[in-house]
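Only one structure is covered here, and it is reproduced in the block below.
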Amino acid sequence: MSLQVKICCISSVKESTMAIEAGATAVGLVGPMPSGPGIISNELIAEIVQTIPEHIESFLLTSETSASGILEHHRQVNTSVIQLVDTPEEGAYSILKEALPQVKIVQVIHVRDDAVIAEAAHAAKFVDRILLDSGNPNLAVKVLGGTGRIHNWDISRVVVQTVNVPVFLAGGLKAENVKQAVQRVRPAGVDLCSGVRSEGQLDVRKLRIFFDALPQTL
């Protein structure tokens, strides 16, 4: 099985095209957030989505936690995947699945300590994938991704071994550490933002170096 690669914080049609041409299997589009990089308007997300080939997944990163808020956010952009960067309200997963059966649901789990293993196992009962990141939703201003920080990969490995859905690994990944990360965690895919950027802009040279550094097989 080949490793899936999601390039996140896409800010334009040009960046989306660059990521896909480099080898990305998915692009991440960041909607309104309390903090973090890559935030763009819903109008721009919708514009970019219209240019993405059908075989490439488009992820909406939403910080909405109510089912109605998530559905309304998705209605404005029409991505193929919804990435929930915060914990949704009780019952939201079922409502989303019923309303959008064709859309994949990805739950972000922010790896802070061993408690996230049970958190991921619970979410995995309801979603299509888990994405492990290095934010902290418990801060006064929530940090919900895009930190550029590595978390404890040993905990991430246990999550991969525990849940029965594919797991993406995010958090501080770059060409210099992605092979080690994949070998240790064994995720289905990797997700990165800052690791392929220079001064905030997607860097075609860093993209090429990153893809060259990926392990050939899982």
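As shown in the structure tokens, the chain order sets the letters A, B, ...; within each chain, residues go from 1, and ligands are also counted from 1 in the order they appear.
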Based on DSSP run over this structure's backbone, return all residues of range 106-190 of chain A in helix (DSSP H, G or I), as a count of residues only.
-> 27
At a cut-off of 9 Å, can you tabulate as JSON lines every residue of range 99-124 of chain A near range 153-174 of chain A together with its closest atom pair and the distance in Å to one decimal, using only C-alpha atoms and ordering rows by chain then number?
```
{"residue": "A:Val111", "atom": "CA", "partner": "A:Ser156", "partner_atom": "CA", "distance": 7.4}
{"residue": "A:Arg112", "atom": "CA", "partner": "A:Ile155", "partner_atom": "CA", "distance": 8.9}
{"residue": "A:Asp113", "atom": "CA", "partner": "A:Ile155", "partner_atom": "CA", "distance": 7.5}
{"residue": "A:Asp114", "atom": "CA", "partner": "A:Ile155", "partner_atom": "CA", "distance": 6.5}
{"residue": "A:Val116", "atom": "CA", "partner": "A:Val159", "partner_atom": "CA", "distance": 8.1}
{"residue": "A:Ile117", "atom": "CA", "partner": "A:Val159", "partner_atom": "CA", "distance": 5.4}
{"residue": "A:Ala118", "atom": "CA", "partner": "A:Val159", "partner_atom": "CA", "distance": 8.5}
{"residue": "A:Ala120", "atom": "CA", "partner": "A:Val159", "partner_atom": "CA", "distance": 6.8}
{"residue": "A:Ala121", "atom": "CA", "partner": "A:Val163", "partner_atom": "CA", "distance": 5.4}
{"residue": "A:His122", "atom": "CA", "partner": "A:Val163", "partner_atom": "CA", "distance": 8.7}
{"residue": "A:Ala124", "atom": "CA", "partner": "A:Val163", "partner_atom": "CA", "distance": 6.2}
```
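CA of Val178 in chain A sits 14.0 Å away from CA of Asn152 in chain A.
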Hey, could you make a per-residue contact list for range 66-119 of chain A against range 51-55 of chain A with 12 Å as the cut-off, showing the nearest pair of atoms and its distance in Å to one decimal, counting only C-alpha atoms, sorted by chain and number, as a tab-separated table?
```
residue	atom	partner	partner_atom	distance
A:Asn78	CA	A:Ile52	CA	11.6
A:Thr79	CA	A:Ile52	CA	9.7
A:Ser80	CA	A:Glu54	CA	9.1
```
Range 87-100 of chain A environment, 7 Å, only C-alpha atoms, sequence neighbours closer than 3 positions dropped, as a ChimeraX atom specification | /A:65-67,103,126
May I have the residues within 12 Å of Gln201 in chain A as a list in words, using only C-alpha atoms and disregarding those fewer than 2 positions away in the same chain?
-> Cys8, Cys9, Ile10, Ser11, Ser12, Lys14, Glu15, Ser16, Met18, Ala19, Pro37, Gly38, Cys193, Ser194, Gly195, Val196, Arg197, Ser198, Glu199, Asp203, Val204, Arg205, Lys206 and Leu207 of chain A
For Gln83 in chain A, which residue among A:Asp191, A:Ala24, A:Ser2, A:Gln50 is the nearest when counting only C-alpha atoms?
-> A:Asp191
